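Asks: What follows is the file protein.cif, containing mmCIF, C-alpha atoms, pLDDT in the B column; chains and numbers go by the auth columns:
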data_final
#
loop_
_atom_site.group_PDB
_atom_site.id
_atom_site.type_symbol
_atom_site.label_atom_id
_atom_site.label_comp_id
_atom_site.label_asym_id
_atom_site.label_seq_id
_atom_site.Cartn_x
_atom_site.Cartn_y
_atom_site.Cartn_z
_atom_site.B_iso_or_equiv
_atom_site.auth_seq_id
_atom_site.auth_asym_id
ATOM 1 C CA MET A 1 174.217 -155.997 -57.374 80.00 191 A
ATOM 2 C CA THR A 2 174.498 -156.634 -53.629 95.00 192 A
ATOM 3 C CA ILE A 3 171.360 -157.377 -51.613 98.00 193 A
ATOM 4 C CA GLN A 4 170.026 -154.346 -49.751 98.00 194 A
ATOM 5 C CA ALA A 5 167.713 -153.745 -46.809 98.00 195 A
ATOM 6 C CA GLY A 6 164.149 -153.902 -48.105 98.00 196 A
ATOM 7 C CA ASP A 7 164.950 -156.552 -50.742 98.00 197 A
ATOM 8 C CA ARG A 8 163.290 -159.951 -50.687 98.00 198 A
ATOM 9 C CA LEU A 9 165.757 -162.838 -50.461 97.00 199 A
ATOM 10 C CA PRO A 10 166.223 -164.652 -53.768 97.00 200 A
ATOM 11 C CA GLU A 11 164.657 -168.099 -53.960 96.00 201 A
ATOM 12 C CA VAL A 12 167.523 -170.525 -54.437 96.00 202 A
ATOM 13 C CA PRO A 13 167.868 -174.067 -53.079 97.00 203 A
ATOM 14 C CA LEU A 14 170.342 -174.726 -50.273 98.00 204 A
ATOM 15 C CA GLN A 15 171.196 -178.004 -48.599 98.00 205 A
ATOM 16 C CA ARG A 16 171.470 -179.233 -45.040 98.00 206 A
ATOM 17 C CA ILE A 17 171.628 -182.587 -43.315 97.00 207 A
ATOM 18 C CA ARG A 18 168.956 -183.805 -40.957 93.00 208 A
ATOM 19 C CA ASP A 19 167.859 -187.386 -41.695 91.00 209 A
ATOM 20 C CA GLY A 20 170.040 -187.367 -44.801 95.00 210 A
ATOM 21 C CA VAL A 21 170.679 -184.578 -47.285 97.00 211 A
ATOM 22 C CA GLU A 22 167.731 -182.211 -47.512 97.00 212 A
ATOM 23 C CA THR A 23 167.267 -179.531 -50.161 97.00 213 A
ATOM 24 C CA VAL A 24 165.557 -176.440 -48.790 96.00 214 A
ATOM 25 C CA ASP A 25 164.176 -173.526 -50.760 95.00 215 A
ATOM 26 C CA THR A 26 165.159 -170.160 -49.298 96.00 216 A
ATOM 27 C CA GLY A 27 161.660 -168.786 -49.929 94.00 217 A
ATOM 28 C CA GLN A 28 160.132 -171.403 -47.647 94.00 218 A
ATOM 29 C CA LEU A 29 163.034 -171.438 -45.187 96.00 219 A
ATOM 30 C CA PHE A 30 162.744 -167.725 -44.366 97.00 220 A
ATOM 31 C CA GLU A 31 158.962 -167.395 -44.681 96.00 221 A
ATOM 32 C CA SER A 32 156.998 -166.360 -41.561 97.00 222 A
ATOM 33 C CA ARG A 33 160.032 -166.135 -39.299 97.00 223 A
ATOM 34 C CA LYS A 34 162.813 -163.851 -38.126 98.00 224 A
ATOM 35 C CA VAL A 35 166.293 -165.119 -38.955 98.00 225 A
ATOM 36 C CA VAL A 36 169.870 -163.972 -38.686 98.00 226 A
ATOM 37 C CA LEU A 37 171.744 -165.566 -41.574 98.00 227 A
ATOM 38 C CA PHE A 38 175.492 -165.268 -41.285 98.00 228 A
ATOM 39 C CA ALA A 39 177.923 -166.519 -43.868 98.00 229 A
ATOM 40 C CA VAL A 40 181.567 -167.449 -43.641 97.00 230 A
ATOM 41 C CA PRO A 41 184.184 -167.928 -46.358 95.00 231 A
ATOM 42 C CA GLY A 42 184.834 -171.524 -45.321 93.00 232 A
ATOM 43 C CA ALA A 43 184.053 -174.134 -42.717 96.00 233 A
ATOM 44 C CA PHE A 44 187.045 -175.152 -40.593 96.00 234 A
ATOM 45 C CA THR A 45 188.982 -171.992 -41.532 93.00 235 A
ATOM 46 C CA PRO A 46 190.674 -170.065 -38.684 94.00 236 A
ATOM 47 C CA THR A 47 188.500 -166.980 -38.080 95.00 237 A
ATOM 48 C CA CYS A 48 185.325 -168.875 -38.941 94.00 238 A
ATOM 49 C CA SER A 49 186.119 -171.690 -36.487 96.00 239 A
ATOM 50 C CA GLU A 50 187.779 -169.676 -33.734 97.00 240 A
ATOM 51 C CA LYS A 51 185.498 -166.625 -33.600 97.00 241 A
ATOM 52 C CA HIS A 52 182.556 -166.374 -35.989 98.00 242 A
ATOM 53 C CA LEU A 53 180.610 -169.618 -35.479 98.00 243 A
ATOM 54 C CA PRO A 54 181.587 -169.947 -31.781 98.00 244 A
ATOM 55 C CA GLY A 55 180.139 -166.489 -31.087 98.00 245 A
ATOM 56 C CA PHE A 56 176.765 -167.493 -32.503 98.00 246 A
ATOM 57 C CA VAL A 57 176.858 -170.761 -30.553 98.00 247 A
ATOM 58 C CA GLU A 58 177.687 -168.865 -27.348 98.00 248 A
ATOM 59 C CA HIS A 59 174.896 -166.301 -27.867 98.00 249 A
ATOM 60 C CA PHE A 60 172.380 -168.656 -29.494 98.00 250 A
ATOM 61 C CA ASP A 61 169.957 -168.545 -26.556 98.00 251 A
ATOM 62 C CA GLU A 62 169.942 -164.731 -26.624 98.00 252 A
ATOM 63 C CA PHE A 63 168.809 -164.766 -30.265 98.00 253 A
ATOM 64 C CA ARG A 64 166.133 -167.332 -29.438 98.00 254 A
ATOM 65 C CA ARG A 65 164.836 -165.223 -26.522 97.00 255 A
ATOM 66 C CA LYS A 66 164.301 -162.434 -29.060 98.00 256 A
ATOM 67 C CA GLY A 67 162.324 -164.854 -31.252 98.00 257 A
ATOM 68 C CA ILE A 68 165.071 -165.008 -33.867 98.00 258 A
ATOM 69 C CA ASP A 69 166.347 -168.144 -35.563 98.00 259 A
ATOM 70 C CA VAL A 70 170.005 -168.413 -36.547 98.00 260 A
ATOM 71 C CA ALA A 71 171.462 -169.897 -39.729 98.00 261 A
ATOM 72 C CA CYS A 72 175.103 -170.314 -40.729 98.00 262 A
ATOM 73 C CA MET A 73 175.935 -170.666 -44.417 98.00 263 A
ATOM 74 C CA SER A 74 179.078 -171.383 -46.372 98.00 264 A
ATOM 75 C CA VAL A 75 180.059 -172.341 -49.898 97.00 265 A
ATOM 76 C CA ASN A 76 180.765 -175.906 -48.816 96.00 266 A
ATOM 77 C CA ASP A 77 178.911 -179.181 -49.221 97.00 267 A
ATOM 78 C CA PRO A 78 176.337 -180.271 -46.623 98.00 268 A
ATOM 79 C CA PHE A 79 178.609 -183.017 -45.269 98.00 269 A
ATOM 80 C CA VAL A 80 181.321 -180.484 -44.462 98.00 270 A
ATOM 81 C CA MET A 81 178.763 -178.188 -42.826 98.00 271 A
ATOM 82 C CA GLN A 82 177.432 -181.079 -40.737 98.00 272 A
ATOM 83 C CA ALA A 83 180.930 -182.148 -39.630 98.00 273 A
ATOM 84 C CA TRP A 84 181.880 -178.557 -38.827 98.00 274 A
ATOM 85 C CA GLY A 85 178.711 -178.083 -36.791 98.00 275 A
ATOM 86 C CA GLN A 86 179.394 -181.272 -34.852 98.00 276 A
ATOM 87 C CA SER A 87 182.988 -180.236 -34.171 98.00 277 A
ATOM 88 C CA GLN A 88 181.775 -176.858 -32.851 97.00 278 A
ATOM 89 C CA ASP A 89 178.953 -178.261 -30.665 97.00 279 A
ATOM 90 C CA VAL A 90 176.363 -176.339 -32.668 98.00 280 A
ATOM 91 C CA PRO A 91 172.829 -176.637 -31.208 97.00 281 A
ATOM 92 C CA ASP A 92 170.461 -178.673 -33.396 95.00 282 A
ATOM 93 C CA GLU A 93 168.261 -175.602 -33.933 97.00 283 A
ATOM 94 C CA LEU A 94 171.115 -173.524 -35.398 98.00 284 A
ATOM 95 C CA MET A 95 170.785 -174.235 -39.115 98.00 285 A
ATOM 96 C CA MET A 96 173.988 -175.226 -40.909 98.00 286 A
ATOM 97 C CA LEU A 97 173.286 -174.456 -44.569 98.00 287 A
ATOM 98 C CA ALA A 98 175.392 -175.459 -47.562 98.00 288 A
ATOM 99 C CA ASP A 99 175.564 -173.338 -50.713 98.00 289 A
ATOM 100 C CA GLY A 100 177.801 -175.821 -52.514 96.00 290 A
ATOM 101 C CA ASN A 101 177.785 -174.149 -55.929 96.00 291 A
ATOM 102 C CA ALA A 102 177.568 -170.589 -54.560 97.00 292 A
ATOM 103 C CA GLN A 103 174.213 -170.038 -56.297 97.00 293 A
ATOM 104 C CA PHE A 104 172.610 -168.270 -53.347 98.00 294 A
ATOM 105 C CA THR A 105 175.783 -166.337 -52.599 98.00 295 A
ATOM 106 C CA ARG A 106 175.920 -165.096 -56.203 97.00 296 A
ATOM 107 C CA ALA A 107 172.205 -164.229 -56.160 98.00 297 A
ATOM 108 C CA LEU A 108 172.897 -162.081 -53.089 98.00 298 A
ATOM 109 C CA GLY A 109 175.842 -160.428 -54.860 98.00 299 A
ATOM 110 C CA LEU A 110 178.132 -161.397 -51.978 98.00 300 A
ATOM 111 C CA GLU A 111 180.590 -163.750 -53.642 97.00 301 A
ATOM 112 C CA MET A 112 184.356 -163.346 -53.651 94.00 302 A
ATOM 113 C CA ASP A 113 187.169 -164.912 -55.603 92.00 303 A
ATOM 114 C CA ALA A 114 189.359 -166.879 -53.197 90.00 304 A
ATOM 115 C CA SER A 115 191.264 -168.657 -55.988 90.00 305 A
ATOM 116 C CA ALA A 116 194.526 -167.205 -54.727 87.00 306 A
ATOM 117 C CA TYR A 117 194.039 -169.355 -51.615 85.00 307 A
ATOM 118 C CA GLY A 118 192.947 -172.456 -53.531 82.00 308 A
ATOM 119 C CA MET A 119 189.323 -172.016 -52.486 87.00 309 A
ATOM 120 C CA GLY A 120 187.635 -170.814 -55.717 87.00 310 A
ATOM 121 C CA THR A 121 184.416 -168.852 -55.410 94.00 311 A
ATOM 122 C CA ARG A 122 183.383 -168.283 -51.807 95.00 312 A
ATOM 123 C CA SER A 123 181.034 -166.115 -49.816 96.00 313 A
ATOM 124 C CA ARG A 124 182.137 -162.862 -48.310 97.00 314 A
ATOM 125 C CA ARG A 125 181.738 -162.732 -44.543 98.00 315 A
ATOM 126 C CA PHE A 126 178.285 -161.243 -43.951 98.00 316 A
ATOM 127 C CA ALA A 127 175.248 -161.229 -41.673 98.00 317 A
ATOM 128 C CA LEU A 128 171.669 -160.521 -42.727 98.00 318 A
ATOM 129 C CA TYR A 129 168.702 -159.952 -40.456 98.00 319 A
ATOM 130 C CA VAL A 130 165.604 -161.174 -42.287 98.00 320 A
ATOM 131 C CA GLU A 131 161.913 -160.945 -41.389 98.00 321 A
ATOM 132 C CA ASP A 132 159.453 -163.029 -43.423 98.00 322 A
ATOM 133 C CA GLY A 133 161.913 -163.284 -46.324 98.00 323 A
ATOM 134 C CA VAL A 134 162.636 -159.539 -46.468 98.00 324 A
ATOM 135 C CA VAL A 135 166.105 -158.280 -45.565 98.00 325 A
ATOM 136 C CA LYS A 136 165.985 -155.705 -42.771 98.00 326 A
ATOM 137 C CA GLN A 137 169.716 -155.339 -42.038 98.00 327 A
ATOM 138 C CA VAL A 138 172.841 -156.073 -44.096 98.00 328 A
ATOM 139 C CA ARG A 139 176.330 -156.289 -42.648 98.00 329 A
ATOM 140 C CA VAL A 140 179.301 -157.152 -44.852 98.00 330 A
ATOM 141 C CA GLU A 141 182.882 -157.302 -43.603 97.00 331 A
ATOM 142 C CA ALA A 142 185.740 -155.611 -45.386 94.00 332 A
ATOM 143 C CA PRO A 143 188.329 -158.154 -46.599 88.00 333 A
ATOM 144 C CA GLY A 144 190.299 -159.614 -43.710 89.00 334 A
ATOM 145 C CA GLU A 145 188.088 -158.050 -41.023 95.00 335 A
ATOM 146 C CA PHE A 146 185.765 -159.523 -38.415 97.00 336 A
ATOM 147 C CA ARG A 147 183.765 -156.864 -36.582 96.00 337 A
ATOM 148 C CA VAL A 148 180.272 -156.061 -37.894 98.00 338 A
ATOM 149 C CA THR A 149 179.180 -159.677 -38.385 98.00 339 A
ATOM 150 C CA SER A 150 180.085 -160.958 -34.925 98.00 340 A
ATOM 151 C CA ALA A 151 177.219 -162.362 -32.875 98.00 341 A
ATOM 152 C CA GLU A 152 177.749 -159.650 -30.268 98.00 342 A
ATOM 153 C CA HIS A 153 177.549 -156.820 -32.796 98.00 343 A
ATOM 154 C CA VAL A 154 174.557 -158.315 -34.608 98.00 344 A
ATOM 155 C CA LEU A 155 172.708 -158.750 -31.294 98.00 345 A
ATOM 156 C CA SER A 156 173.406 -155.140 -30.332 97.00 346 A
ATOM 157 C CA GLN A 157 171.831 -153.919 -33.603 97.00 347 A
ATOM 158 C CA LEU A 158 168.628 -155.973 -33.557 97.00 348 A
ATOM 159 C CA PRO A 159 165.273 -154.297 -32.944 89.00 349 A
#
Is it possible to give me this structure as structure tokens?
Replies:
Amino acid sequence: MTIQAGDRLPEVPLQRIRDGVETVDTGQLFESRKVVLFAVPGAFTPTCSEKHLPGFVEHFDEFRRKGIDVACMSVNDPFVMQAWGQSQDVPDELMMLADGNAQFTRALGLEMDASAYGMGTRSRRFALYVEDGVVKQVRVEAPGEFRVTSAEHVLSQLP
């Protein structure tokens, strides 16, 4: 079942790189804060690298002025997420989260089978607005689309 507004985020470990690989629990990561979590099917893929992540980098300060943190997630390893973030000039405060085994993605009910493209299980393109671990808004793209999860659209829908 797909995550819905009003649901608490599942507690599943993710990874990121700071001073080495760090495992972070989603319960603690989203506790006592407002966060937009957007997910992409794959780091370094065309739409993700040309539009999705760059939009959040471009509008990062606008999210921060609203008191909202931003996190990008993909079913990739933390080294790929770090390299992708560096290649896209991602601000240090924009969290680049790795869901290497798609555990969190599956727990959200937002996985897709990208085996036809040689990518295995991946995340659908989505954006969640979360307050204190509770999902307030859910946006999931139709296959092949990029509209409702853009930084501009997400910003326009925030309280």
Asks: Quick one: residues within 12 Å of Arg312 in chain A, all atoms listed in the file, excluding same-chain residues fewer than 4 positions away - as a PyMOL selection string?
Replies: chain A and resi 229-233+263-266+288-296+299-308+316
Asks: Given the choices A:Leu318, A:Glu342, A:Ala332, A:Gly323, which gets closest to Glu201 in chain A if the distance is worked out from all atoms listed in the file?
Replies: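 Smallest separation from Glu201 in chain A among the options: A:Gly323.
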Asks: List the neighbours of range 211-221 of chain A out to 12 Å using all atoms listed in the file; skip same-chain residues closer than 6 positions along the sequence, and give me the result as JSON, numbers by chain.
Replies: {"A": [198, 199, 200, 201, 202, 203, 204, 205, 227, 258, 259, 260, 261, 263, 267, 268, 269, 270, 271, 272, 285, 286, 287, 288, 289, 290, 293, 294, 295, 297, 298, 318, 319, 320, 321, 322, 323, 324, 325]}
Asks: What does the distance from CA of Lys241 in chain A to CA of Asp282 in chain A come to in Å, to one decimal?
Replies: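 Rounded to one decimal, the two atoms are 19.3 Å apart.
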Asks: Find the spatial neighbours of Gly257 in chain A, counting all atoms listed in the file, within a cut-off of 10 Å - ignore same-chain residues fewer than 5 positions away - and output them as a PyMOL selection string.
Replies: chain A and resi 223-225+251-252
Asks: Centre and edge lengths of an axis-aligned box around all listed atoms of range 281-292 of chain A, with 4 Å added on each side, are to be given in Å to one decimal, as lines of an AutoDock Vina configuration file.
Replies:
center_x = 173.0
center_y = -174.6
center_z = -43.6
size_x = 17.5
size_y = 16.1
size_z = 32.7
Asks: Between CA of Phe246 in chain A and CA of Ala341 in chain A, what is the distance in Å, rounded to a tenth?
Replies: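 If I compute the distance from CA of Phe246 in chain A to CA of Ala341 in chain A, I get 5.2 Å.
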Asks: One number please: CA of Ala195 in chain A to CA of Arg329 in chain A, in Å, one decimal.
Replies: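 Computed distance, CA of Ala195 in chain A to CA of Arg329 in chain A, equals 9.9 Å.
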Asks: For this structure, which residues satisfy the selection - the PyMOL selection byres ((chain A and resi 340) around 12) - when it is evaluated on the file as given? I want them as a ChimeraX atom specification.
Replies: /A:226-230,237-238,240-249,315-318,329-331,335-339,341-347
Asks: Write out the residues from the selection above, keeping C-alpha atoms, as a compact mmCIF listing (two decimals), in the frame of the given file.
Replies:
# COMPACT_ATOMS: atom_id res chain seq x y z
CA VAL A 226 169.87 -163.97 -38.69
CA LEU A 227 171.74 -165.57 -41.57
CA PHE A 228 175.49 -165.27 -41.28
CA ALA A 229 177.92 -166.52 -43.87
CA VAL A 230 181.57 -167.45 -43.64
CA THR A 237 188.50 -166.98 -38.08
CA CYS A 238 185.32 -168.88 -38.94
CA GLU A 240 187.78 -169.68 -33.73
CA LYS A 241 185.50 -166.62 -33.60
CA HIS A 242 182.56 -166.37 -35.99
CA LEU A 243 180.61 -169.62 -35.48
CA PRO A 244 181.59 -169.95 -31.78
CA GLY A 245 180.14 -166.49 -31.09
CA PHE A 246 176.76 -167.49 -32.50
CA VAL A 247 176.86 -170.76 -30.55
CA GLU A 248 177.69 -168.86 -27.35
CA HIS A 249 174.90 -166.30 -27.87
CA ARG A 315 181.74 -162.73 -44.54
CA PHE A 316 178.28 -161.24 -43.95
CA ALA A 317 175.25 -161.23 -41.67
CA LEU A 318 171.67 -160.52 -42.73
CA ARG A 329 176.33 -156.29 -42.65
CA VAL A 330 179.30 -157.15 -44.85
CA GLU A 331 182.88 -157.30 -43.60
CA GLU A 335 188.09 -158.05 -41.02
CA PHE A 336 185.76 -159.52 -38.42
CA ARG A 337 183.76 -156.86 -36.58
CA VAL A 338 180.27 -156.06 -37.89
CA THR A 339 179.18 -159.68 -38.38
CA ALA A 341 177.22 -162.36 -32.88
CA GLU A 342 177.75 -159.65 -30.27
CA HIS A 343 177.55 -156.82 -32.80
CA VAL A 344 174.56 -158.32 -34.61
CA LEU A 345 172.71 -158.75 -31.29
CA SER A 346 173.41 -155.14 -30.33
CA GLN A 347 171.83 -153.92 -33.60
